[in-house]
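To start, the structure under review is shown below, and the notes come after it.
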Amino acid sequence: MSTYQRLPIAIARGEGNYLYDTEGNAYLDLFTGLAVNVLGHSHPAITRALMQQGSSFLHISNIFLNPPAIQLARRLVEQTIPGKVFFTNSGAEASEAAIKLIHKWTIRAGGGRAGVAVLKNSFHGRTLGALRLTRQRHVYQDFPSPDIPIYELAANDREQLRQLLATERPAALLVEPVLGSGGIVPLAEEYLREAEEICRKEGILLCLDEIQTGMGRTGRLFAYQHAGIVPDLILFAKGVGGGLPLGGIIAGERLMNLFAPGDHGSTFAPSPLSAALGNAVLDVILQPAFQEHVRRTAAHLQQSLQQLLQEEPAACREIRGKGLMAGIVLNLSADAVRELQQGLLAEGILVDVTQKTIIRLLPPLTITQAEIDRFVETFRRLLAGQSGKKGL
Ligand SMILES: *Cc1c(COP(=O)(O)O)cnc(C)c1O
């Protein structure tokens, strides 16, 4: 069905930070299937796990113990908060699990609280429940969905946060530490710390959607860890399955024992194969040398983009980002931005566009400084061509 506006290439294979189309052209992949392929393509650790688990068993259901998934759950908990994990096949299903868990908490312990406070322009998924939490009008407008009270807050507005949580009675606050499809908007660490303080004081559940920001993308395993806060609930997906579908929630001590047998489930999740790949991803990204590489290349990316902004103030409005997650906000029409995206494609560089005029960069964490430089140089040249044409 026509649910996506596609770019005109067909992919034949991927290797490292590059994809190759059916005609043999190479593309530097700064999109990674939407923050999924954190180790690029055909990474040896992923291929090894795929072969090992793939020749063992692929699916068993939840009626038996699933060792790769148990190992992954244990490692995710060790790296985050004391708690328990529920696995899903996707990000939207992680949001659904979160909604059900928050709802059960509301009934059992909510003390008259109900509903979820979320951020304007948030994205938490496209299924009908998750869609209630997604505050981008073009995404939800044609799909009215279940009636959970939803409160909308502007990102980083601490006064509004204080006001809302003092006057309304939401059960939970759910935020992306960096709004992803909403246009790469990082939440300030002070904002997150104040949110934590208010939630603790008022007994509100602090929930973080780390589906796009997680798995090392911002230089820590999860982005909230920069702020030193302790959430009640963490949503994960995208990169966690090493390229295969896998998502889930990590529920802290207040929530972890609420679900009883029959409350929630999934036939497929957690796929043992996805979980084995997840363990392989963790093996790589938890190495201190790898994290150091991410911090160094991330600093290089953000600095290079800031410099681009200074050199091209007419076309570039703002650079936003954290770690290896960046948004170049352009002062151009949606058509001109799409043209730039196609221009980059013709130069062998794959990028995403979000909110019509923002170039979104979600490179593999294995990206090199030289590859970042190649993108910035190419983009600067194309931008100069655009400005010439539009008489900027
Ligand atoms: C992609 C995304 C989702 C939805 O994940 P799907 O796997 O596409 O359902 C939810 N929240 C955030 C922050 C995302 O980036």
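Chain lettering (A, B, ...) mirrors the order of the structure tokens, residue numbering begins at 1 for each chain separately, and ligand numbering begins at 1 in order of display.
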| Shell around region 58-72 of chain A at 7 Å using only C-alpha atoms, local window under 3 positions removed, as JSON, numbers by chain | {"A": [54, 75, 76, 267, 268, 270, 271, 272, 273, 275, 276, 278, 279]}
Could you save the residues just selected, with N, CA, C and O atoms, as a short mmCIF file (atom, residue, chain, number, x, y, z; two decimals), in the first residue's frame?
```
data_model
loop_
_atom_site.label_atom_id
_atom_site.label_comp_id
_atom_site.auth_asym_id
_atom_site.auth_seq_id
_atom_site.Cartn_x
_atom_site.Cartn_y
_atom_site.Cartn_z
N GLY A 54 20.52 -19.33 14.55
CA GLY A 54 19.71 -19.74 13.40
C GLY A 54 19.78 -21.22 13.12
O GLY A 54 18.83 -21.81 12.57
N ARG A 75 20.82 -8.61 31.19
CA ARG A 75 21.84 -7.60 30.88
C ARG A 75 21.23 -6.20 30.79
O ARG A 75 21.84 -5.22 31.23
N LEU A 76 20.02 -6.10 30.23
CA LEU A 76 19.38 -4.78 30.13
C LEU A 76 19.08 -4.23 31.52
O LEU A 76 19.26 -3.04 31.79
N THR A 267 2.78 -14.06 20.83
CA THR A 267 3.18 -15.36 20.29
C THR A 267 4.67 -15.36 19.95
O THR A 267 5.41 -16.23 20.34
N PHE A 268 5.08 -14.34 19.23
CA PHE A 268 6.45 -14.33 18.70
C PHE A 268 7.48 -13.76 19.68
O PHE A 268 8.61 -14.25 19.76
N PRO A 270 9.60 -12.82 22.92
CA PRO A 270 10.83 -12.40 22.25
C PRO A 270 11.36 -13.50 21.34
O PRO A 270 11.59 -14.62 21.78
N SER A 271 11.58 -13.16 20.08
CA SER A 271 12.18 -14.13 19.17
C SER A 271 13.57 -14.50 19.69
O SER A 271 14.39 -13.61 19.95
N PRO A 272 13.87 -15.81 19.85
CA PRO A 272 15.21 -16.20 20.30
C PRO A 272 16.30 -15.67 19.37
O PRO A 272 17.39 -15.32 19.82
N LEU A 273 15.97 -15.61 18.08
CA LEU A 273 16.96 -15.13 17.11
C LEU A 273 17.22 -13.63 17.32
O LEU A 273 18.37 -13.19 17.36
N ALA A 275 16.77 -12.01 20.05
CA ALA A 275 17.42 -11.84 21.35
C ALA A 275 18.91 -12.19 21.25
O ALA A 275 19.76 -11.52 21.84
N ALA A 276 19.24 -13.23 20.47
CA ALA A 276 20.65 -13.60 20.30
C ALA A 276 21.41 -12.46 19.62
O ALA A 276 22.54 -12.13 20.00
N GLY A 278 20.51 -9.33 19.79
CA GLY A 278 20.57 -8.27 20.81
C GLY A 278 21.77 -8.46 21.72
O GLY A 278 22.47 -7.50 22.06
N ASN A 279 22.01 -9.70 22.12
CA ASN A 279 23.18 -9.97 22.97
C ASN A 279 24.47 -9.66 22.23
O ASN A 279 25.42 -9.14 22.82
#
```
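Neighbouring residues of ligand 1 at a cut-off of 8 Å, counting only C-alpha atoms and all ligand atoms, are Leu34, Asn89, Ser90, Gly91, Ala92, Glu93, Ala94, Ser95, Ser122, Phe123, His124, Gly125, Arg126, Thr127, Glu176, Leu179, Gly180, Ser181, Asp209, Glu210, Ile211, Gln212, Thr213, Leu235, Ala237, Lys238, Pro245 and Gly247 of chain A.
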Output N, CA, C and O atoms of each residue in that selection to a file, as a compact mmCIF listing (two decimals), in the first residue's frame.
```
# COMPACT_ATOMS: atom_id res chain seq x y z
N LEU A 34 16.32 3.62 10.02
CA LEU A 34 15.71 4.34 11.14
C LEU A 34 16.27 3.90 12.51
O LEU A 34 15.54 3.39 13.35
N ASN A 89 7.63 -7.22 19.79
CA ASN A 89 8.24 -7.31 18.46
C ASN A 89 8.56 -5.95 17.87
O ASN A 89 9.17 -5.87 16.81
N SER A 90 8.10 -4.89 18.50
CA SER A 90 8.24 -3.57 17.87
C SER A 90 8.14 -2.47 18.92
O SER A 90 7.79 -2.73 20.08
N GLY A 91 8.41 -1.25 18.47
CA GLY A 91 8.30 -0.10 19.35
C GLY A 91 6.87 0.20 19.73
O GLY A 91 6.56 0.46 20.90
N ALA A 92 5.97 0.15 18.74
CA ALA A 92 4.56 0.45 19.04
C ALA A 92 4.03 -0.53 20.08
O ALA A 92 3.28 -0.16 20.99
N GLU A 93 4.43 -1.79 19.97
CA GLU A 93 3.99 -2.78 20.96
C GLU A 93 4.61 -2.52 22.34
O GLU A 93 4.03 -2.88 23.36
N ALA A 94 5.79 -1.92 22.36
CA ALA A 94 6.37 -1.53 23.65
C ALA A 94 5.49 -0.45 24.27
O ALA A 94 5.21 -0.47 25.48
N SER A 95 5.02 0.50 23.44
CA SER A 95 4.12 1.54 23.95
C SER A 95 2.82 0.93 24.44
O SER A 95 2.27 1.35 25.47
N SER A 122 5.62 14.53 20.14
CA SER A 122 6.18 13.22 20.52
C SER A 122 5.78 12.18 19.49
O SER A 122 4.80 12.34 18.75
N PHE A 123 6.54 11.09 19.45
CA PHE A 123 6.18 9.93 18.62
C PHE A 123 6.40 8.68 19.44
O PHE A 123 7.51 8.40 19.88
N HIS A 124 5.32 7.93 19.68
CA HIS A 124 5.42 6.71 20.48
C HIS A 124 4.83 5.51 19.75
O HIS A 124 4.65 4.46 20.37
N GLY A 125 4.50 5.66 18.47
CA GLY A 125 4.03 4.52 17.70
C GLY A 125 2.71 4.78 17.00
O GLY A 125 2.05 5.79 17.26
N ARG A 126 2.33 3.85 16.12
CA ARG A 126 1.19 4.07 15.21
C ARG A 126 0.02 3.13 15.43
O ARG A 126 -0.98 3.22 14.72
N THR A 127 0.12 2.18 16.38
CA THR A 127 -1.06 1.37 16.70
C THR A 127 -2.03 2.26 17.47
O THR A 127 -1.64 3.32 17.98
N GLU A 176 10.44 11.19 25.27
CA GLU A 176 11.65 10.75 24.57
C GLU A 176 12.79 11.68 25.05
O GLU A 176 12.63 12.90 24.92
N LEU A 179 13.53 14.01 21.28
CA LEU A 179 12.41 13.73 20.37
C LEU A 179 12.99 13.38 19.02
O LEU A 179 13.78 14.14 18.47
N GLY A 180 12.61 12.22 18.49
CA GLY A 180 13.22 11.73 17.26
C GLY A 180 12.49 12.21 16.03
O GLY A 180 12.88 13.20 15.40
N SER A 181 11.36 11.55 15.69
CA SER A 181 10.66 11.95 14.48
C SER A 181 10.05 13.34 14.65
O SER A 181 9.72 14.01 13.69
N ASP A 209 10.75 6.90 26.69
CA ASP A 209 10.76 6.18 25.42
C ASP A 209 12.17 6.30 24.83
O ASP A 209 12.54 7.34 24.30
N GLU A 210 12.94 5.22 24.96
CA GLU A 210 14.33 5.20 24.47
C GLU A 210 14.43 4.37 23.19
O GLU A 210 15.49 3.84 22.86
N ILE A 211 13.31 4.27 22.47
CA ILE A 211 13.27 3.41 21.29
C ILE A 211 14.26 3.90 20.24
O ILE A 211 14.96 3.10 19.62
N GLN A 212 14.36 5.21 20.06
CA GLN A 212 15.29 5.75 19.05
C GLN A 212 16.62 6.17 19.67
O GLN A 212 17.66 6.11 19.03
N THR A 213 16.58 6.61 20.93
CA THR A 213 17.78 7.16 21.58
C THR A 213 18.64 6.09 22.23
O THR A 213 19.78 6.36 22.61
N LEU A 235 11.14 2.25 27.62
CA LEU A 235 10.71 1.57 26.39
C LEU A 235 11.91 1.45 25.46
O LEU A 235 12.66 2.42 25.29
N ALA A 237 13.39 -0.53 21.59
CA ALA A 237 13.10 -1.28 20.35
C ALA A 237 14.19 -0.91 19.34
O ALA A 237 15.35 -0.78 19.72
N LYS A 238 13.82 -0.73 18.09
CA LYS A 238 14.75 -0.35 17.01
C LYS A 238 16.08 -1.11 17.06
O LYS A 238 16.14 -2.24 16.63
N PRO A 245 13.28 -7.69 14.33
CA PRO A 245 12.25 -7.05 15.17
C PRO A 245 12.38 -7.48 16.63
O PRO A 245 12.37 -8.67 16.93
N GLY A 247 11.49 -5.45 20.68
CA GLY A 247 11.30 -4.26 21.50
C GLY A 247 10.93 -4.71 22.89
O GLY A 247 11.00 -5.91 23.20
```
| query | Hey, what's within 12 Å of Ile46 (chain A) if we count only C-alpha atoms and toss same-chain stuff fewer than 3 positions away? As a PyMOL selection string, please? | reply | chain A and resi 15-16+37-43+49-54+240-244+273-284
| Could you pull out all residues of region 182-345 of chain A with a DSSP call of alpha helix (DSSP H) and give them as a VMD selection string? | chain A and resid 189 to 202 272 to 285 288 to 311 334 to 345
Suppose we keep C-alpha atoms; can you now write the selection as a PDB file, in the first residue's frame?
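Writing done, so here's selection33.pdb:
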```pdb
ATOM      1  CA  GLU A 189      19.344  17.423  31.561  1.00  0.00           C
ATOM      2  CA  GLU A 190      17.908  19.965  34.039  1.00  0.00           C
ATOM      3  CA  TYR A 191      14.466  19.386  32.532  1.00  0.00           C
ATOM      4  CA  LEU A 192      14.768  15.629  33.015  1.00  0.00           C
ATOM      5  CA  ARG A 193      16.081  16.066  36.562  1.00  0.00           C
ATOM      6  CA  GLU A 194      13.250  18.408  37.494  1.00  0.00           C
ATOM      7  CA  ALA A 195      10.739  15.972  35.939  1.00  0.00           C
ATOM      8  CA  GLU A 196      12.215  13.193  38.069  1.00  0.00           C
ATOM      9  CA  GLU A 197      12.005  15.319  41.217  1.00  0.00           C
ATOM     10  CA  ILE A 198       8.348  16.249  40.661  1.00  0.00           C
ATOM     11  CA  CYS A 199       7.386  12.687  39.709  1.00  0.00           C
ATOM     12  CA  ARG A 200       9.033  11.334  42.889  1.00  0.00           C
ATOM     13  CA  LYS A 201       7.336  13.913  45.076  1.00  0.00           C
ATOM     14  CA  GLU A 202       3.872  13.492  43.545  1.00  0.00           C
ATOM     15  CA  PRO A 272      15.209 -16.198  20.304  1.00  0.00           C
ATOM     16  CA  LEU A 273      16.959 -15.128  17.105  1.00  0.00           C
ATOM     17  CA  SER A 274      16.328 -11.407  17.727  1.00  0.00           C
ATOM     18  CA  ALA A 275      17.420 -11.844  21.355  1.00  0.00           C
ATOM     19  CA  ALA A 276      20.649 -13.600  20.301  1.00  0.00           C
ATOM     20  CA  LEU A 277      21.396 -10.686  17.978  1.00  0.00           C
ATOM     21  CA  GLY A 278      20.573  -8.271  20.809  1.00  0.00           C
ATOM     22  CA  ASN A 279      23.178  -9.968  22.967  1.00  0.00           C
ATOM     23  CA  ALA A 280      25.705  -9.671  20.133  1.00  0.00           C
ATOM     24  CA  VAL A 281      24.976  -5.930  19.837  1.00  0.00           C
ATOM     25  CA  LEU A 282      25.491  -5.479  23.593  1.00  0.00           C
ATOM     26  CA  ASP A 283      28.779  -7.442  23.435  1.00  0.00           C
ATOM     27  CA  VAL A 284      30.089  -4.819  21.006  1.00  0.00           C
ATOM     28  CA  ILE A 285      28.598  -1.546  22.223  1.00  0.00           C
ATOM     29  CA  PRO A 288      34.737   0.845  26.695  1.00  0.00           C
ATOM     30  CA  ALA A 289      36.808   1.353  23.525  1.00  0.00           C
ATOM     31  CA  PHE A 290      33.643   1.262  21.406  1.00  0.00           C
ATOM     32  CA  GLN A 291      31.899   3.795  23.655  1.00  0.00           C
ATOM     33  CA  GLU A 292      34.965   6.026  23.411  1.00  0.00           C
ATOM     34  CA  HIS A 293      34.765   5.764  19.606  1.00  0.00           C
ATOM     35  CA  VAL A 294      31.091   6.821  19.716  1.00  0.00           C
ATOM     36  CA  ARG A 295      31.860   9.810  21.965  1.00  0.00           C
ATOM     37  CA  ARG A 296      34.723  10.954  19.724  1.00  0.00           C
ATOM     38  CA  THR A 297      32.847  10.628  16.428  1.00  0.00           C
ATOM     39  CA  ALA A 298      29.722  12.167  17.993  1.00  0.00           C
ATOM     40  CA  ALA A 299      31.699  15.228  19.125  1.00  0.00           C
ATOM     41  CA  HIS A 300      33.179  15.471  15.626  1.00  0.00           C
ATOM     42  CA  LEU A 301      29.722  15.249  14.014  1.00  0.00           C
ATOM     43  CA  GLN A 302      28.171  17.919  16.249  1.00  0.00           C
ATOM     44  CA  GLN A 303      31.179  20.271  15.829  1.00  0.00           C
ATOM     45  CA  SER A 304      31.242  19.839  12.042  1.00  0.00           C
ATOM     46  CA  LEU A 305      27.520  20.603  11.827  1.00  0.00           C
ATOM     47  CA  GLN A 306      27.878  23.696  14.049  1.00  0.00           C
ATOM     48  CA  GLN A 307      30.581  24.915  11.692  1.00  0.00           C
ATOM     49  CA  LEU A 308      28.311  24.264   8.713  1.00  0.00           C
ATOM     50  CA  LEU A 309      25.620  26.335  10.436  1.00  0.00           C
ATOM     51  CA  GLN A 310      28.046  29.257  10.823  1.00  0.00           C
ATOM     52  CA  GLU A 311      29.092  29.053   7.190  1.00  0.00           C
ATOM     53  CA  ALA A 334       9.863  20.875   1.710  1.00  0.00           C
ATOM     54  CA  ASP A 335      10.457  20.385  -2.034  1.00  0.00           C
ATOM     55  CA  ALA A 336      13.935  21.904  -1.849  1.00  0.00           C
ATOM     56  CA  VAL A 337      14.795  19.668   1.117  1.00  0.00           C
ATOM     57  CA  ARG A 338      13.574  16.605  -0.731  1.00  0.00           C
ATOM     58  CA  GLU A 339      15.712  17.700  -3.681  1.00  0.00           C
ATOM     59  CA  LEU A 340      18.720  17.922  -1.357  1.00  0.00           C
ATOM     60  CA  GLN A 341      17.998  14.423  -0.065  1.00  0.00           C
ATOM     61  CA  GLN A 342      17.872  13.138  -3.656  1.00  0.00           C
ATOM     62  CA  GLY A 343      21.039  15.088  -4.465  1.00  0.00           C
ATOM     63  CA  LEU A 344      22.828  13.367  -1.586  1.00  0.00           C
ATOM     64  CA  LEU A 345      21.519  10.038  -2.826  1.00  0.00           C
TER      65      LEU A 345
END
```
| task | Determine, counting only C-alpha atoms, which protein, DNA and RNA residues have an atom within 9 Å of an atom of Gln355 (chain A); residues of the same chain fewer than 2 positions away are not included. Present the result as a list in words. | result |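 Everything that qualifies: Ser181, Gly182, Gly183, Ala334, Val353, Thr357, Ile358 and Ile359 of chain A.
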| query | In Å, how far is it from CA of Leu128 (chain A) to CA of Ala98 (chain A)? | reply |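 Distance reported for this atom pair: 13.4 Å.
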| query | When distances are computed from only C-alpha atoms, which of A:Val376, A:Leu19, A:Ala269, A:Ala171 shows the smallest separation from Arg108 (chain A)? | reply |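 Under the stated criterion, the closest residue is A:Ala171.
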| Exercise: Phe143 (chain A) partners within 10 Å, only C-alpha atoms, chain neighbours under 2 positions left out, as a list of chain:residue names |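 Final neighbour list, sorted by chain and number: A:Arg126, A:Thr127, A:Leu128, A:Leu131, A:Arg132, A:Val139, A:Tyr140, A:Gln141, A:Ser145, A:Pro146.
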Save out the residues we just selected, N, CA, C and O atoms, as an mmCIF file, in the first residue's frame.
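Heads up, here's the output in again-v3.cif:
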```cif
data_model
loop_
_atom_site.group_PDB
_atom_site.id
_atom_site.type_symbol
_atom_site.label_atom_id
_atom_site.label_comp_id
_atom_site.auth_asym_id
_atom_site.auth_seq_id
_atom_site.Cartn_x
_atom_site.Cartn_y
_atom_site.Cartn_z
ATOM 1 N N ARG A 126 2.326 3.846 16.116
ATOM 2 C CA ARG A 126 1.192 4.066 15.215
ATOM 3 C C ARG A 126 0.018 3.127 15.433
ATOM 4 O O ARG A 126 -0.978 3.220 14.723
ATOM 5 N N THR A 127 0.121 2.180 16.376
ATOM 6 C CA THR A 127 -1.061 1.367 16.695
ATOM 7 C C THR A 127 -2.033 2.262 17.467
ATOM 8 O O THR A 127 -1.636 3.316 17.984
ATOM 9 N N LEU A 128 -3.303 1.850 17.568
ATOM 10 C CA LEU A 128 -4.307 2.796 18.072
ATOM 11 C C LEU A 128 -4.035 3.260 19.496
ATOM 12 O O LEU A 128 -4.266 4.421 19.825
ATOM 13 N N LEU A 131 -0.936 5.462 19.448
ATOM 14 C CA LEU A 131 -1.244 6.687 18.705
ATOM 15 C C LEU A 131 -1.777 7.789 19.628
ATOM 16 O O LEU A 131 -1.584 8.978 19.360
ATOM 17 N N ARG A 132 -2.431 7.399 20.720
ATOM 18 C CA ARG A 132 -2.912 8.397 21.679
ATOM 19 C C ARG A 132 -1.743 9.160 22.281
ATOM 20 O O ARG A 132 -1.877 10.316 22.654
ATOM 21 N N VAL A 139 0.110 12.496 12.047
ATOM 22 C CA VAL A 139 0.175 11.048 12.292
ATOM 23 C C VAL A 139 -1.151 10.529 12.864
ATOM 24 O O VAL A 139 -1.628 9.470 12.475
ATOM 25 N N TYR A 140 -1.784 11.311 13.780
ATOM 26 C CA TYR A 140 -2.954 10.762 14.477
ATOM 27 C C TYR A 140 -4.304 11.254 13.982
ATOM 28 O O TYR A 140 -5.335 10.657 14.306
ATOM 29 N N GLN A 141 -4.338 12.304 13.154
ATOM 30 C CA GLN A 141 -5.601 13.018 12.939
ATOM 31 C C GLN A 141 -6.755 12.145 12.418
ATOM 32 O O GLN A 141 -7.894 12.342 12.835
ATOM 33 N N SER A 145 -8.766 7.183 18.788
ATOM 34 C CA SER A 145 -8.408 5.938 19.456
ATOM 35 C C SER A 145 -8.735 5.993 20.946
ATOM 36 O O SER A 145 -9.161 7.023 21.442
ATOM 37 N N PRO A 146 -8.544 4.876 21.658
ATOM 38 C CA PRO A 146 -9.083 4.714 23.006
ATOM 39 C C PRO A 146 -8.892 5.930 23.919
ATOM 40 O O PRO A 146 -7.906 6.636 23.819
#
```
| request: Tell me, in Å to one decimal, how far CA of Pro313 (chain A) is from CA of Phe31 (chain A). | output: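 CA of Pro313 (chain A) sits 24.6 Å away from CA of Phe31 (chain A).
The protein and nucleic acid residues lying at most 10 Å from Glu347 (chain A) are Asn25, Ala26, Tyr27, Leu28, Gln341, Gln342, Phe375, Thr378, Phe379 and Leu382 of chain A, with only C-alpha atoms considered and sequence neighbours fewer than 5 positions away removed.
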| task | Name the residues of region 121-276 of chain A that come out as strand (DSSP E) in a backbone DSSP run; write them as a ChimeraX atom specification. | result | /A:150-153,172-175,178-179,185-186,205-209,233-236,247-252
| task | Considering only C-alpha atoms, state which residue in the set A:Lys100, A:Arg254, A:Lys322, A:Arg162 is at the smallest distance from Gly216 (chain A). | result |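 Comparing A:Lys100, A:Arg254, A:Lys322, A:Arg162 against Gly216 (chain A), the winner is A:Lys322.
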Any idea what's packed within 7 Å of Leu362 (chain A), counting only C-alpha atoms, ignoring anything in its chain fewer than 4 positions away? Could you give it as a CSV table (one decimal) with N, CA, C and O atoms, in the first residue's frame?
```csv
chain,number,residue,atom,x,y,z
A,30,LEU,N,23.5,6.9,6.4
A,30,LEU,CA,23.4,7.7,7.5
A,30,LEU,C,22.0,7.7,8.1
A,30,LEU,O,21.5,8.6,8.7
A,31,PHE,N,21.3,6.6,7.8
A,31,PHE,CA,19.8,6.5,8.1
A,31,PHE,C,19.6,5.2,8.9
A,31,PHE,O,18.8,5.1,9.8
A,32,THR,N,20.4,4.2,8.6
A,32,THR,CA,20.4,2.9,9.3
A,32,THR,C,19.0,2.3,9.5
A,32,THR,O,18.7,1.8,10.6
A,34,LEU,N,16.3,3.6,10.0
A,34,LEU,CA,15.7,4.3,11.1
A,34,LEU,C,16.3,3.9,12.5
A,34,LEU,O,15.5,3.4,13.4
A,35,ALA,N,17.6,4.1,12.7
A,35,ALA,CA,18.2,3.9,14.0
A,35,ALA,C,18.2,2.4,14.4
A,35,ALA,O,18.3,2.1,15.6
A,324,LEU,N,25.3,10.6,18.3
A,324,LEU,CA,25.2,10.3,16.9
A,324,LEU,C,23.8,10.4,16.4
A,324,LEU,O,23.3,9.5,15.7
A,325,MET,N,23.2,11.5,16.8
A,325,MET,CA,21.8,11.7,16.4
A,325,MET,C,21.7,13.2,16.1
A,325,MET,O,22.1,14.0,17.0
A,326,ALA,N,21.4,13.6,14.9
A,326,ALA,CA,21.5,15.0,14.6
A,326,ALA,C,20.4,15.4,13.6
A,326,ALA,O,20.0,14.7,12.8
```
